[in-house]
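> Have a look at the structure that comes next, please.
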Amino acid sequence: MNLRHLEHWLALAETGSFSRAAEKLHITQSALSRSIQALEEDLGGPLVDRVGKKNELTPLGRSVLERARRIVHEARELKQGATLLQRGGLGTLRVGLGSGPGAMLMTPWLVYMANHHPTVQVTVSRGSTELQLTQLRDRQLDALVVDLRRVEAAPDLKIEHVVDMRAGFVCRREHPVLQAHPRGVPLDALLSYPIASIQLSQEVARLLVDHYGPQANPAQMTTLQCEDIASLLDVVGQTDAVYLGIVGAAREGLAQGRLVELQMRTPLKGQARLGLITLAGRTELPIMSVFRAFIQKHLTD
């Protein structure tokens, strides 16, 4: 099977027209027809029904389409990766970060790349896990770092667990609840104040309810919700709001003494399960090894 025949078939499938596909490929229509015919002979059946000026994919054509896209895309990436390695380059990397990983990794990763690999094109995007999974599958992103509790296992995903990070409650150092309960804060005392959090998974919600009772259901308990943890922590540092989430995301404020982790009367035992997600079977970009090592080093409590 000839890779160029697959490229020609994809152009025809995407344009729906022999003339437009030939123009896009900069070849003649007769050359395109011969290429499609050769592919059909290799696959043992027609890929397109030619009805006058209208071209429709056959059942075989529809089944071949997605696999052909993957094969052609992988071949291009393989060629690009080989070229970059021969030139000593690392390529480009487009990563999606979940809320917790974004708070901990985004700025350090960009600083690291600017200092150590200034010629590599790096893109970091934020968004819901569901949106980023779609972008990964559409090859708009190369990798995700997210809470794995929000991802369902699937054959097309390669999921690598990196670290379990402790969850807890964080507030500003001068918060009145600290003076009122120096030996441990009951959850009831926190409910008098705004609770700031990202959208939590159903699994975490069940854990909170099992741990503290129905009053801890995030649907009712959370009053300030945002996917940008840095913004939530800014609010916590300026108000009596209390942050609920990955404690490591508040690392800077805790180290500076502006924020403190609340010692709960009933300690929270929840964890975020953070990991790296890529497409299974996809040729790995040269820069991916650098990114993998970086996240393993920086995702720590």
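Each chain in the structure tokens gets a letter, A, B, ..., in the order shown, and its residues are numbered from 1; ligands are numbered from 1 in order too.
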Please provide as a PyMOL selection string all residues within 12 Å of Glu14 of chain A, with the sequence filter that same-chain residues fewer than 5 positions apart are discarded (counting only C-alpha atoms).

chain A and resi 7-9+20-22+24+55-57+61-62+65-66+69

> Can you tell me which residues surround segment 71-77 of chain A at a distance of at most 9 Å, considering only C-alpha atoms, apart from same-chain residues fewer than 5 positions away, and format the answer as number ranges by chain?

A: 3-4, 6-7, 10, 66, 82, 281-285

> Excluding segment 120-126 of chain A and its own-chain neighbours fewer than 4 positions away, which residues fall within 9 Å of it when counting only C-alpha atoms? Please give them as a PyMOL selection string.

chain A and resi 89-99+102+106+110+113-114+132+141+227-228+287

> As a list in words, which residues of segment 18-63 of chain A does DSSP assign to strand (DSSP E)?

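Of segment 18-63 of chain A, only Val48, Asp49, Arg50, Val51, Lys54, Asn55, Glu56 and Leu57 of chain A fall in strand (DSSP E).
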
> What separation in Å, quoted to one decimal, exists between atom CA of Lys297 of chain A and atom CA of Val163 of chain A?

10.2 Å

> List every residue of segment 35-127 of chain A that DSSP, applied to the backbone, labels as alpha helix (DSSP H), and write the result as a PyMOL selection string.

chain A and resi 35-43+59-87+99-116
